[in-house]
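Dropping start.txt in here (compact mmCIF, C-alpha atoms and all ligand atoms):
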# COMPACT_ATOMS: atom_id res chain seq x y z
CA MET A 1 104.64 144.42 66.19
CA LEU A 2 106.82 142.68 68.72
CA LEU A 3 103.92 140.55 70.00
CA LYS A 4 103.07 139.21 66.52
CA GLU A 5 106.71 138.29 65.86
CA LYS A 6 106.93 136.42 69.12
CA LEU A 7 103.73 134.54 68.41
CA ILE A 8 105.28 133.19 65.24
CA LEU A 9 108.52 132.13 66.92
CA THR A 10 106.78 129.86 69.44
CA ARG A 11 104.49 126.95 68.59
CA THR A 12 101.68 128.18 70.78
CA SER A 13 99.96 131.28 72.07
CA LEU A 14 96.99 131.84 74.37
CA GLN A 15 93.63 133.23 73.36
CA CYS A 16 90.69 134.38 75.43
CA ARG A 17 87.71 132.06 74.87
CA GLU A 18 85.34 135.03 75.22
CA CYS A 19 86.85 138.18 73.68
CA LYS A 20 89.51 136.39 71.55
CA LYS A 21 92.37 138.62 72.76
CA ASP A 22 95.75 136.96 72.08
CA TYR A 23 98.56 136.53 74.62
CA ASP A 24 102.02 135.03 74.60
CA THR A 25 102.13 131.66 76.31
CA ALA A 26 102.88 132.28 79.98
CA PHE A 27 101.97 131.17 83.49
CA LYS A 28 98.58 132.83 83.04
CA TYR A 29 95.03 131.57 82.67
CA VAL A 30 92.49 134.41 82.68
CA CYS A 31 92.02 137.31 80.29
CA ASP A 32 93.08 140.75 81.60
CA GLU A 33 90.25 142.40 79.70
CA CYS A 34 87.21 140.24 80.42
CA PHE A 35 88.32 137.52 82.89
CA GLY A 36 87.45 134.84 80.33
CA PRO A 37 89.46 131.60 80.34
CA LEU A 38 92.51 131.41 78.08
CA ASP A 39 92.85 128.56 75.57
CA VAL A 40 96.00 127.40 73.81
CA LYS A 41 96.16 128.28 70.12
CA TYR A 42 98.66 126.58 67.78
CA ASN A 43 100.77 127.26 64.74
CA PHE A 44 100.33 123.72 63.47
CA PRO A 45 103.10 122.32 61.29
CA LYS A 46 102.15 120.13 58.32
CA ILE A 47 100.75 116.91 59.75
CA THR A 48 99.76 113.66 58.03
CA LYS A 49 98.53 110.31 59.36
CA ASP A 50 102.09 109.02 59.01
CA THR A 51 103.37 111.72 61.38
CA PHE A 52 102.08 109.67 64.32
CA SER A 53 101.90 106.09 63.07
CA ASN A 54 105.28 104.82 64.29
CA ARG A 55 105.55 106.77 67.51
CA GLU A 56 105.56 105.76 71.19
CA HIS A 57 102.41 104.18 72.62
CA THR A 58 101.60 107.09 74.92
CA TYR A 59 99.64 110.26 74.27
CA TRP A 60 102.93 112.06 73.68
CA ARG A 61 102.82 110.59 70.15
CA TYR A 62 100.68 113.71 69.40
CA PHE A 63 103.45 116.10 70.47
CA GLU A 64 102.76 118.58 67.63
CA LEU A 65 99.20 119.02 68.95
CA LEU A 66 100.22 119.54 72.59
CA PRO A 67 101.42 122.79 74.22
CA ILE A 68 105.00 121.88 75.14
CA GLU A 69 107.71 123.77 73.25
CA ASN A 70 110.62 121.47 73.98
CA ARG A 71 110.46 117.67 74.11
CA SER A 72 113.05 117.61 76.90
CA ASN A 73 110.38 118.99 79.26
CA ILE A 74 108.02 116.04 78.77
CA VAL A 75 107.22 114.27 82.03
CA SER A 76 105.79 110.89 81.08
CA ILE A 77 104.79 107.88 83.15
CA GLY A 78 103.56 106.09 80.03
CA ALA A 79 99.93 107.24 80.02
CA GLY A 80 97.61 107.13 77.04
CA MET A 81 97.02 104.90 74.02
CA THR A 82 94.55 102.98 76.16
CA PRO A 83 92.39 100.36 74.43
CA LEU A 84 89.36 101.25 72.32
CA ILE A 85 87.32 98.09 72.83
CA LYS A 86 84.66 96.99 70.32
CA ALA A 87 81.99 96.20 72.90
CA ASP A 88 80.00 93.56 71.03
CA ASN A 89 78.53 91.88 74.12
CA LEU A 90 77.29 95.09 75.70
CA GLY A 91 76.25 96.35 72.26
CA LYS A 92 74.10 93.28 71.75
CA LYS A 93 72.42 93.80 75.14
CA LEU A 94 71.64 97.43 74.29
CA GLY A 95 70.82 96.84 70.62
CA LEU A 96 73.84 98.68 69.20
CA ASN A 97 75.91 97.34 66.32
CA ASN A 98 78.91 99.66 66.61
CA LEU A 99 79.61 100.34 70.26
CA TYR A 100 83.12 101.13 71.45
CA ILE A 101 84.42 101.62 74.98
CA LYS A 102 87.43 103.89 75.41
CA ASN A 103 88.90 102.22 78.48
CA ASP A 104 90.92 104.76 80.44
CA SER A 105 90.63 102.76 83.63
CA VAL A 106 93.98 101.22 82.63
CA ASN A 107 96.12 104.35 82.67
CA PRO A 108 99.16 104.31 85.01
CA THR A 109 97.25 105.96 87.88
CA PHE A 110 94.00 104.26 86.78
CA SER A 111 92.03 107.23 85.49
CA PHE A 112 91.97 109.59 82.50
CA LYS A 113 93.43 112.34 84.71
CA ASP A 114 96.92 111.19 83.68
CA ARG A 115 96.23 113.02 80.43
CA PRO A 116 95.65 116.58 81.72
CA ALA A 117 97.95 116.16 84.74
CA GLY A 118 100.88 114.94 82.64
CA VAL A 119 100.63 117.86 80.24
CA ALA A 120 100.28 120.38 83.08
CA ILE A 121 103.26 119.00 85.01
CA SER A 122 105.35 119.03 81.83
CA LYS A 123 104.37 122.67 81.33
CA ALA A 124 105.20 123.43 84.98
CA LYS A 125 108.67 122.06 84.28
CA GLU A 126 108.90 124.18 81.11
CA PHE A 127 107.85 127.28 83.08
CA GLY A 128 110.48 126.42 85.73
CA LEU A 129 107.97 126.31 88.61
CA SER A 130 109.27 124.94 91.89
CA SER A 131 106.11 123.29 93.25
CA VAL A 132 102.79 122.02 91.96
CA GLY A 133 99.39 120.95 93.24
CA CYS A 134 95.74 120.48 92.40
CA ALA A 135 92.20 120.60 93.71
CA SER A 136 90.75 117.16 93.30
CA THR A 137 87.68 114.97 93.62
CA GLY A 138 90.16 112.09 94.03
CA ASN A 139 91.66 110.97 90.76
CA LEU A 140 93.49 114.15 89.88
CA ALA A 141 95.32 113.98 93.22
CA SER A 142 97.01 110.72 92.20
CA ALA A 143 97.63 111.73 88.60
CA THR A 144 99.25 115.00 89.69
CA ALA A 145 101.21 113.38 92.53
CA ALA A 146 102.57 110.61 90.28
CA HIS A 147 103.71 113.03 87.56
CA ALA A 148 105.18 115.40 90.18
CA ALA A 149 107.10 112.46 91.64
CA LYS A 150 108.48 111.66 88.18
CA ALA A 151 109.39 115.35 87.67
CA GLY A 152 110.95 115.60 91.13
CA LEU A 153 108.62 118.44 92.15
CA PRO A 154 106.90 118.82 95.55
CA CYS A 155 103.13 118.35 95.23
CA HIS A 156 100.23 119.60 97.37
CA VAL A 157 96.79 118.15 96.79
CA PHE A 158 93.53 119.63 98.12
CA ALA A 159 90.53 117.30 98.22
CA PRO A 160 87.36 116.74 100.24
CA SER A 161 88.03 114.51 103.26
CA ASP A 162 85.26 112.03 102.37
CA ILE A 163 86.66 110.65 99.11
CA GLU A 164 87.48 106.97 98.61
CA MET A 165 90.28 105.50 100.77
CA ALA A 166 92.04 103.94 97.76
CA LYS A 167 92.45 107.36 96.16
CA ILE A 168 93.93 108.81 99.35
CA ALA A 169 96.31 105.86 99.78
CA GLN A 170 97.45 106.21 96.20
CA ALA A 171 98.19 109.95 96.31
CA LEU A 172 99.96 109.64 99.67
CA SER A 173 102.09 106.82 98.31
CA TYR A 174 103.36 109.03 95.47
CA GLY A 175 104.60 111.38 98.19
CA ALA A 176 102.03 114.17 97.92
CA ASN A 177 101.25 116.53 100.78
CA TYR A 178 97.58 115.57 101.06
CA ILE A 179 95.27 118.27 102.44
CA ALA A 180 91.96 116.59 103.35
CA VAL A 181 89.49 119.48 103.46
CA ASP A 182 86.43 119.19 105.68
CA GLY A 183 84.06 120.45 102.98
CA THR A 184 83.04 120.04 99.36
CA TYR A 185 85.19 120.01 96.25
CA ASP A 186 84.28 123.66 95.71
CA ASP A 187 85.72 124.50 99.16
CA ALA A 188 88.94 122.64 98.34
CA ASN A 189 89.09 124.36 94.96
CA ARG A 190 88.73 127.85 96.46
CA ILE A 191 91.52 127.20 98.95
CA ALA A 192 93.82 125.73 96.30
CA ALA A 193 93.23 128.76 94.06
CA GLN A 194 94.22 131.20 96.80
CA ILE A 195 97.27 129.22 97.89
CA GLY A 196 98.38 128.78 94.28
CA ASP A 197 98.25 132.52 93.66
CA SER A 198 99.88 133.55 96.94
CA LYS A 199 102.72 131.02 96.73
CA GLY A 200 103.30 130.99 92.95
CA MET A 201 102.49 127.29 92.94
CA GLY A 202 101.34 125.63 89.71
CA ILE A 203 97.87 124.33 90.53
CA VAL A 204 97.33 122.12 87.51
CA ASN A 205 93.55 122.50 87.18
CA ILE A 206 93.36 126.14 88.27
CA ASN A 207 96.20 128.50 87.35
CA MET A 208 97.59 125.99 84.82
CA ARG A 209 94.15 125.11 83.46
CA SER A 210 94.84 126.44 79.94
CA HIS A 211 97.58 123.86 79.51
CA TYR A 212 95.98 121.20 81.71
CA VAL A 213 92.89 120.86 79.52
CA GLU A 214 95.04 120.31 76.44
CA GLY A 215 95.98 116.87 77.76
CA SER A 216 92.38 115.67 77.58
CA LYS A 217 92.30 116.42 73.84
CA THR A 218 94.35 113.25 73.43
CA PHE A 219 91.14 111.37 74.30
CA ALA A 220 89.85 112.58 70.91
CA PHE A 221 93.15 112.04 69.04
CA GLU A 222 93.44 108.42 70.17
CA VAL A 223 89.83 107.55 69.40
CA ALA A 224 90.15 109.10 65.93
CA GLU A 225 93.34 107.20 65.20
CA GLN A 226 91.96 103.94 66.64
CA LEU A 227 88.89 104.34 64.39
CA ASP A 228 91.26 104.72 61.43
CA TRP A 229 90.67 108.48 61.27
CA GLN A 230 86.87 108.38 61.33
CA VAL A 231 84.65 110.64 63.43
CA PRO A 232 82.29 108.78 65.80
CA ASP A 233 78.56 109.50 65.38
CA GLN A 234 77.93 109.63 69.14
CA VAL A 235 80.30 110.37 72.00
CA ILE A 236 79.27 109.86 75.64
CA VAL A 237 81.29 111.76 78.23
CA PRO A 238 80.99 111.80 82.03
CA VAL A 239 81.01 115.39 83.28
CA GLY A 240 82.29 116.95 86.50
CA SER A 241 83.82 120.37 85.80
CA GLY A 242 83.17 119.91 82.08
CA ALA A 243 86.82 120.46 81.17
CA MET A 244 87.18 117.02 79.61
CA LEU A 245 84.07 117.27 77.44
CA ASN A 246 85.16 120.63 76.15
CA ALA A 247 88.69 119.35 75.47
CA ILE A 248 87.41 116.29 73.60
CA CYS A 249 85.48 118.62 71.27
CA LYS A 250 88.54 120.86 70.81
CA GLY A 251 90.61 117.76 70.02
CA PHE A 252 88.30 116.53 67.28
CA GLU A 253 88.09 120.06 65.86
CA GLU A 254 91.88 120.42 65.72
CA LEU A 255 92.12 117.15 63.79
CA GLY A 256 89.69 118.75 61.36
CA THR A 257 91.90 121.86 61.17
CA VAL A 258 95.00 119.83 60.26
CA SER A 259 92.91 117.82 57.72
CA LEU A 260 93.17 114.45 59.47
CA LEU A 261 89.38 114.24 59.93
CA ASP A 262 86.36 115.20 57.80
CA ASN A 263 82.84 115.97 58.97
CA VAL A 264 83.66 116.67 62.61
CA SER A 265 80.47 118.74 62.80
CA ASN A 266 78.36 115.60 62.23
CA MET A 267 79.37 114.23 65.63
CA HIS A 268 76.90 114.28 68.54
CA ILE A 269 77.99 114.78 72.16
CA ILE A 270 76.17 113.41 75.19
CA ALA A 271 77.00 114.72 78.68
CA ALA A 272 76.45 112.29 81.58
CA GLN A 273 76.09 113.40 85.21
CA PRO A 274 75.01 111.68 88.45
CA HIS A 275 71.73 112.57 90.11
CA GLY A 276 72.69 114.52 93.24
CA CYS A 277 75.22 116.55 91.29
CA ALA A 278 73.81 117.25 87.85
CA PRO A 279 73.77 121.05 87.49
CA ILE A 280 74.58 120.90 83.78
CA VAL A 281 71.83 118.36 83.06
CA ASP A 282 69.40 120.57 85.00
CA ALA A 283 70.33 123.61 82.92
CA PHE A 284 70.15 121.62 79.68
CA LYS A 285 66.69 120.29 80.49
CA LYS A 286 65.45 123.78 81.39
CA ASN A 287 66.91 125.08 78.14
CA SER A 288 68.93 127.57 80.19
CA LYS A 289 72.38 128.95 79.32
CA GLU A 290 73.41 129.38 82.96
CA VAL A 291 74.40 126.59 85.33
CA ILE A 292 73.07 126.93 88.89
CA PRO A 293 75.59 125.40 91.33
CA VAL A 294 74.61 122.45 93.54
CA GLU A 295 75.60 123.39 97.08
CA ASN A 296 75.96 119.96 98.64
CA PRO A 297 76.62 117.29 96.04
CA ASP A 298 75.39 113.86 97.11
CA THR A 299 76.29 110.96 94.84
CA VAL A 300 78.21 107.70 94.81
CA ALA A 301 80.11 109.11 91.79
CA LYS A 302 82.50 111.16 93.92
CA SER A 303 84.83 111.98 91.04
CA LEU A 304 81.95 113.85 89.40
CA ALA A 305 80.86 115.66 92.59
CA ILE A 306 81.64 119.19 91.42
CA GLY A 307 78.73 121.43 92.42
CA ASP A 308 79.97 124.51 90.59
CA PRO A 309 81.45 123.28 87.30
CA GLY A 310 84.08 125.64 85.91
CA ASP A 311 83.31 124.77 82.30
CA GLY A 312 79.57 124.22 82.75
CA ARG A 313 78.52 127.06 80.46
CA TYR A 314 80.85 125.83 77.77
CA VAL A 315 79.48 122.28 78.01
CA LEU A 316 76.01 123.72 77.28
CA LYS A 317 77.47 125.52 74.27
CA ARG A 318 79.07 122.30 73.03
CA LEU A 319 75.78 120.43 73.39
CA ALA A 320 74.09 123.09 71.28
CA GLN A 321 76.93 123.06 68.73
CA TYR A 322 76.85 119.26 68.34
CA SER A 323 73.07 118.70 68.71
CA GLY A 324 73.76 116.79 71.89
CA PHE A 325 71.94 115.77 75.02
CA ALA A 326 72.57 115.72 78.76
CA GLU A 327 71.16 113.04 81.06
CA GLU A 328 71.55 111.88 84.65
CA CYS A 329 71.27 108.60 86.54
CA ASN A 330 70.85 107.73 90.22
CA ASN A 331 73.13 105.73 92.53
CA LYS A 332 71.38 102.42 91.89
CA GLU A 333 71.52 102.93 88.13
CA ILE A 334 75.23 103.80 88.39
CA LEU A 335 76.08 100.68 90.39
CA ASP A 336 73.95 98.45 88.13
CA ALA A 337 75.74 99.90 85.10
CA ILE A 338 79.14 99.14 86.64
CA LEU A 339 78.08 95.50 86.95
CA LEU A 340 76.58 95.44 83.45
CA LEU A 341 79.87 96.62 81.92
CA ALA A 342 81.88 94.21 84.06
CA HIS A 343 79.62 91.23 83.24
CA THR A 344 79.54 91.86 79.49
CA GLU A 345 82.95 93.27 78.63
CA GLY A 346 85.25 92.35 81.51
CA ILE A 347 85.89 96.01 82.31
CA PHE A 348 85.70 97.12 85.95
CA THR A 349 85.03 100.84 86.29
CA GLU A 350 84.44 103.25 89.14
CA PRO A 351 81.08 105.06 89.47
CA ALA A 352 82.02 107.78 86.95
CA GLY A 353 82.26 105.06 84.30
CA GLY A 354 78.95 103.67 85.52
CA VAL A 355 77.44 107.10 84.87
CA SER A 356 78.58 106.95 81.22
CA ILE A 357 77.20 103.43 80.73
CA SER A 358 73.89 104.15 82.44
CA VAL A 359 73.36 107.30 80.37
CA LEU A 360 74.31 105.40 77.21
CA GLN A 361 71.58 102.91 78.06
CA LYS A 362 69.05 105.71 78.60
CA MET A 363 69.93 107.39 75.31
CA VAL A 364 69.30 104.13 73.46
CA GLU A 365 65.99 103.63 75.30
CA GLN A 366 64.95 107.20 74.47
CA GLY A 367 65.69 106.59 70.79
CA LYS A 368 68.46 109.24 70.69
CA ILE A 369 71.03 106.79 69.35
CA ASP A 370 70.47 104.77 66.18
CA LYS A 371 71.41 101.09 66.28
CA ASN A 372 73.97 101.52 63.51
CA ASP A 373 75.60 104.68 64.92
CA LYS A 374 79.30 104.47 65.67
CA VAL A 375 79.16 105.12 69.42
CA VAL A 376 82.15 105.84 71.67
CA CYS A 377 81.52 105.69 75.41
CA TYR A 378 84.30 107.09 77.59
CA VAL A 379 85.09 105.00 80.68
CA THR A 380 87.35 107.24 82.71
CA GLY A 381 88.35 105.49 85.93
CA ASN A 382 89.03 102.11 87.55
CA GLY A 383 86.68 100.17 89.81
CA LEU A 384 89.47 99.29 92.22
CA LYS A 385 89.42 102.92 93.32
CA ALA A 386 85.87 102.71 94.66
CA THR A 387 85.35 99.24 96.03
CA GLU A 388 83.50 100.52 99.16
CA SER A 389 80.56 101.77 97.13
CA ILE A 390 80.52 98.88 94.67
CA MET A 391 80.49 96.30 97.49
CA GLU A 392 77.17 97.81 98.57
CA VAL A 393 75.41 96.06 95.69
CA LEU A 394 77.40 92.83 95.82
CA GLU A 395 76.86 89.89 98.06
CA LYS A 396 79.77 89.47 100.47
CA PRO A 397 81.21 85.98 99.96
CA LYS A 398 80.31 83.65 102.81
CA VAL A 399 83.39 82.22 104.50
CA MET A 400 83.38 78.46 104.25
CA LYS A 401 85.27 75.68 105.95
CA ALA A 402 87.94 74.14 103.74
CA ASP A 403 85.79 71.09 103.25
CA ILE A 404 85.40 69.53 99.79
CA ALA A 405 81.91 68.17 100.33
CA GLU A 406 80.49 71.45 101.65
CA ILE A 407 82.14 73.59 98.97
CA SER A 408 81.33 71.17 96.19
CA ALA A 409 77.64 71.54 97.11
CA VAL A 410 77.70 75.29 96.31
CA VAL A 411 79.63 75.02 93.02
CA ASN A 412 77.31 74.07 90.20
C1 LIG B 501 87.59 114.15 86.92
C2 LIG B 501 86.87 112.99 86.39
C3 LIG B 501 85.82 113.15 85.45
C4 LIG B 501 85.28 114.50 85.05
O1 LIG B 501 86.18 115.30 84.36
P1 LIG B 501 85.91 116.88 84.24
O2 LIG B 501 86.97 117.38 83.36
O3 LIG B 501 85.98 117.43 85.64
O4 LIG B 501 84.54 117.06 83.68
C5 LIG B 501 85.25 112.01 84.92
N1 LIG B 501 85.66 110.77 85.28
C6 LIG B 501 86.63 110.58 86.19
C7 LIG B 501 86.99 109.18 86.57
C8 LIG B 501 87.27 111.68 86.77
O5 LIG B 501 88.24 111.49 87.67
ZN ZN B 502 88.85 138.22 77.20

With the file now loaded, output its structure as structure tokens.
Amino acid sequence: MLLKEKLILTRTSLQCRECKKDYDTAFKYVCDECFGPLDVKYNFPKITKDTFSNREHTYWRYFELLPIENRSNIVSIGAGMTPLIKADNLGKKLGLNNLYIKNDSVNPTFSFKDRPAGVAISKAKEFGLSSVGCASTGNLASATAAHAAKAGLPCHVFAPSDIEMAKIAQALSYGANYIAVDGTYDDANRIAAQIGDSKGMGIVNINMRSHYVEGSKTFAFEVAEQLDWQVPDQVIVPVGSGAMLNAICKGFEELGTVSLLDNVSNMHIIAAQPHGCAPIVDAFKKNSKEVIPVENPDTVAKSLAIGDPGDGRYVLKRLAQYSGFAEECNNKEILDAILLLAHTEGIFTEPAGGVSISVLQKMVEQGKIDKNDKVVCYVTGNGLKATESIMEVLEKPKVMKADIAEISAVVN
């Protein structure tokens, strides 16, 4: 059995999520038999808590749990090991005694996308690909472009033309070829998929998706380590394509497999989506297993505006597996939640983070979270990337003459 032997020689193989057929790791992402997505499967070495304790403060500290064969292929811009903040002020407001915010707004490109993009670009280097790209709702463009710059690879990003200016400026500055598509994310995604296939380009979230999603597992690894190897009771995750939510679950489960965590199955997962693009919430509330795409997403949370979520079905499965919930919130609730988090914890997030906080609030109000639960709310992107929308609910400062008497009168 040549295939079996080879599987043992490398650290990883690929396995179809649907029919479980095994494949050697390769530049490949769908099953030949059933077109199911391929996931990375590991031959884990022996791992203890000490394996990681004295390593670098990036997500590459979990190298044994990531799909890169050779450390020399790692492309790192220092992402990961972001703060897990004990949010006592916000917790008090909401009536929660053990609330934590995983603050990924402080990654190098200011969103969690540095996790999957960094792993995918490292894998592109390992595969010897000569160019990379992505389809993006905004943040992935910058994360991919920054890591491609570090790797010295040309990068092509495909995104809707109406995303936030800061995100465009950022990706362009890293040197990406920025294709602003007059259409939705799903249009950009379809074009990127075809160009990736025809030009042999590594599109990180499409033809490299099997490896890409592995990076987001580090969101689970870090939280587990930061909680001193405890499983949270409740995890709140903002959902676009659903890849991150699925990867967070896989991450916690793998820590169970290598015996670093107990009772992973006691965890509850909550999926948060914006009204105007909440196809997974709709399916969940109808008790349906199929996600009906939203044709024209309309929400202030542009990074979650994915009408046809690639991993939507699997998010529904995860919610069933972990007795979870899915909930949505409207633009006003999102913007109010951004301000609530900023006012209480000093954390400034973009609308996707507002979606997490608003849904957290709703879950507490609906009695779905107990006041003593250990709750982890994922805040995935930085407010500086979306100032246009946030300014809509803020009062523009009035320009004043540089006059002490006049200014003194308005400072109390
Ligand atoms: C992409 C993105 C998400 C959603 O991630 P998916 O894997 O598409 O579900 C959430 N928050 C931010 C800030 C993002 O950029
Ligand atoms: Zn299959």

Any idea what the distance is between atom CA of A:Gly138 and atom CA of A:Ser105?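 Distance reported for this atom pair: 14.0 Å.
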
Give me, as a ChimeraX atom specification, all polymer residues having an atom no more than 12 Å from A:Thr257, counting only C-alpha atoms and skipping those fewer than 4 positions away in the same chain. /A:41-48,65,250-253,261-265

Output the neighbourhood of ligand ZN 502 (chain B) as a PyMOL selection string, that is, all protein and nucleic acid residues with some atom at most 7 Å from the ligand, counting only C-alpha atoms and all ligand atoms. chain A and resi 16-21+31-36

Restrict the selected residues to C-alpha atoms and save them as a PDB file, in the frame of the given file.
ATOM      1  CA  CYS A  16      90.690 134.380  75.430  1.00  0.00           C
ATOM      2  CA  ARG A  17      87.710 132.060  74.870  1.00  0.00           C
ATOM      3  CA  GLU A  18      85.340 135.030  75.220  1.00  0.00           C
ATOM      4  CA  CYS A  19      86.850 138.180  73.680  1.00  0.00           C
ATOM      5  CA  LYS A  20      89.510 136.390  71.550  1.00  0.00           C
ATOM      6  CA  LYS A  21      92.370 138.620  72.760  1.00  0.00           C
ATOM      7  CA  CYS A  31      92.020 137.310  80.290  1.00  0.00           C
ATOM      8  CA  ASP A  32      93.080 140.750  81.600  1.00  0.00           C
ATOM      9  CA  GLU A  33      90.250 142.400  79.700  1.00  0.00           C
ATOM     10  CA  CYS A  34      87.210 140.240  80.420  1.00  0.00           C
ATOM     11  CA  PHE A  35      88.320 137.520  82.890  1.00  0.00           C
ATOM     12  CA  GLY A  36      87.450 134.840  80.330  1.00  0.00           C
TER      13      GLY A  36
END

Closest atom pairs, residues of chain A within 6 Å of ligand LIG 501 (chain B), all atoms listed in the file, as a tab-separated table:
residue	atom	partner	partner_atom	distance
A:Ser111	CA	B:LIG501	C7	5.5
A:Asn139	CA	B:LIG501	O5	4.6
A:Pro238	CA	B:LIG501	C5	5.2
A:Val239	CA	B:LIG501	O4	3.9
A:Gly240	CA	B:LIG501	O4	3.6
A:Ser241	CA	B:LIG501	O3	3.7
A:Gly242	CA	B:LIG501	O4	3.5
A:Ala243	CA	B:LIG501	O2	3.8
A:Met244	CA	B:LIG501	O2	3.8
A:Ser303	CA	B:LIG501	O5	4.8
A:Leu304	CA	B:LIG501	C4	5.5
A:Ala352	CA	B:LIG501	N1	5.0
A:Thr380	CA	B:LIG501	C7	4.3
A:Gly381	CA	B:LIG501	C7	4.0

Just checking: using all atoms listed in the file, which residue out of A:Cys329, A:Leu227, A:Val359, A:Met165 ends up closest to A:Pro83? A:Leu227

With distances taken over all atoms listed in the file, the candidate from A:Ala220, A:Ile195, A:Val291, A:Leu99 nearest A:Tyr62 is A:Ala220

Could you give me, as a ChimeraX atom specification, the residues within 9 Å of A:Lys125, counting only C-alpha atoms and dropping anything in the same chain fewer than 3 positions from it? /A:73-75,120-122,128-130,151,153

Smallest atom-to-atom distance to A:Glu295: which of A:Val231, A:Ala278, A:Ala171, A:Leu14, using all atoms listed in the file?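 So, comparing all the options, the nearest one is A:Ala278.
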
What is the atom CA of A:Glu350-atom CA of A:Asn382 distance in Å, reported with one decimal? 5.0 Å

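Note that the spacing between atom CA of A:Gly312 and atom CA of A:Phe325 amounts to 13.8 Å.
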
Close residues, A:His147 itself excluded, 12 Å, only C-alpha atoms, min 5 positions apart in chain, as an NGL selection string: :A and (74-79 or 108-109 or 113-125 or 131-134 or 140-142 or 152-155 or 171 or 174-176 or 204)

For the residues selected in the previous step, produce a file with C-alpha atoms as an mmCIF file, in the coordinates of the input.
data_model
loop_
_atom_site.group_PDB
_atom_site.id
_atom_site.type_symbol
_atom_site.label_atom_id
_atom_site.label_comp_id
_atom_site.auth_asym_id
_atom_site.auth_seq_id
_atom_site.Cartn_x
_atom_site.Cartn_y
_atom_site.Cartn_z
ATOM 1 C CA ILE A 74 108.020 116.040 78.770
ATOM 2 C CA VAL A 75 107.220 114.270 82.030
ATOM 3 C CA SER A 76 105.790 110.890 81.080
ATOM 4 C CA ILE A 77 104.790 107.880 83.150
ATOM 5 C CA GLY A 78 103.560 106.090 80.030
ATOM 6 C CA ALA A 79 99.930 107.240 80.020
ATOM 7 C CA PRO A 108 99.160 104.310 85.010
ATOM 8 C CA THR A 109 97.250 105.960 87.880
ATOM 9 C CA LYS A 113 93.430 112.340 84.710
ATOM 10 C CA ASP A 114 96.920 111.190 83.680
ATOM 11 C CA ARG A 115 96.230 113.020 80.430
ATOM 12 C CA PRO A 116 95.650 116.580 81.720
ATOM 13 C CA ALA A 117 97.950 116.160 84.740
ATOM 14 C CA GLY A 118 100.880 114.940 82.640
ATOM 15 C CA VAL A 119 100.630 117.860 80.240
ATOM 16 C CA ALA A 120 100.280 120.380 83.080
ATOM 17 C CA ILE A 121 103.260 119.000 85.010
ATOM 18 C CA SER A 122 105.350 119.030 81.830
ATOM 19 C CA LYS A 123 104.370 122.670 81.330
ATOM 20 C CA ALA A 124 105.200 123.430 84.980
ATOM 21 C CA LYS A 125 108.670 122.060 84.280
ATOM 22 C CA SER A 131 106.110 123.290 93.250
ATOM 23 C CA VAL A 132 102.790 122.020 91.960
ATOM 24 C CA GLY A 133 99.390 120.950 93.240
ATOM 25 C CA CYS A 134 95.740 120.480 92.400
ATOM 26 C CA LEU A 140 93.490 114.150 89.880
ATOM 27 C CA ALA A 141 95.320 113.980 93.220
ATOM 28 C CA SER A 142 97.010 110.720 92.200
ATOM 29 C CA GLY A 152 110.950 115.600 91.130
ATOM 30 C CA LEU A 153 108.620 118.440 92.150
ATOM 31 C CA PRO A 154 106.900 118.820 95.550
ATOM 32 C CA CYS A 155 103.130 118.350 95.230
ATOM 33 C CA ALA A 171 98.190 109.950 96.310
ATOM 34 C CA TYR A 174 103.360 109.030 95.470
ATOM 35 C CA GLY A 175 104.600 111.380 98.190
ATOM 36 C CA ALA A 176 102.030 114.170 97.920
ATOM 37 C CA VAL A 204 97.330 122.120 87.510
#

Within 9 Å of A:Thr344 using all atoms listed in the file, minus same-chain residues under 2 positions, as a ChimeraX atom specification: /A:87-90,93,339-342,346-347

Determine, counting all atoms listed in the file, every residue of protein, DNA or RNA that lies within 9 Å of (73.9, 102.4, 92.2) in the file coordinates, then give the result as a list in words.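 Every polymer residue passing the test: Val300, Cys329, Asn330, Asn331, Lys332, Glu333, Ile334, Leu335, Asp336, Ala337, Ile338, Pro351, Gly354, Ser389, Ile390, Glu392 and Val393 of chain A.
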
Expected file contents, prior selection, C-alpha atoms, as a compact mmCIF listing (two decimals), in the frame of the given file:
# COMPACT_ATOMS: atom_id res chain seq x y z
CA VAL A 300 78.21 107.70 94.81
CA CYS A 329 71.27 108.60 86.54
CA ASN A 330 70.85 107.73 90.22
CA ASN A 331 73.13 105.73 92.53
CA LYS A 332 71.38 102.42 91.89
CA GLU A 333 71.52 102.93 88.13
CA ILE A 334 75.23 103.80 88.39
CA LEU A 335 76.08 100.68 90.39
CA ASP A 336 73.95 98.45 88.13
CA ALA A 337 75.74 99.90 85.10
CA ILE A 338 79.14 99.14 86.64
CA PRO A 351 81.08 105.06 89.47
CA GLY A 354 78.95 103.67 85.52
CA SER A 389 80.56 101.77 97.13
CA ILE A 390 80.52 98.88 94.67
CA GLU A 392 77.17 97.81 98.57
CA VAL A 393 75.41 96.06 95.69

Min atom-atom distance to A:Glu327 from the set A:Ala301, A:Val157, A:Ala271, A:Ile357, counting only C-alpha atoms, belongs to A:Ala271

With distances taken over all atoms listed in the file, which of A:Gln194, A:Ala305, A:Phe158, A:Ile168 is nearest to A:Asp182?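 Going through A:Gln194, A:Ala305, A:Phe158, A:Ile168 one by one, the smallest distance to A:Asp182 is for A:Phe158.
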
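With only C-alpha atoms as the atoms that count, the minimum distance from A:Ala188 to the choices A:Gly307, A:Met201, A:Ala143, A:Lys286 is reached by A:Gly307.
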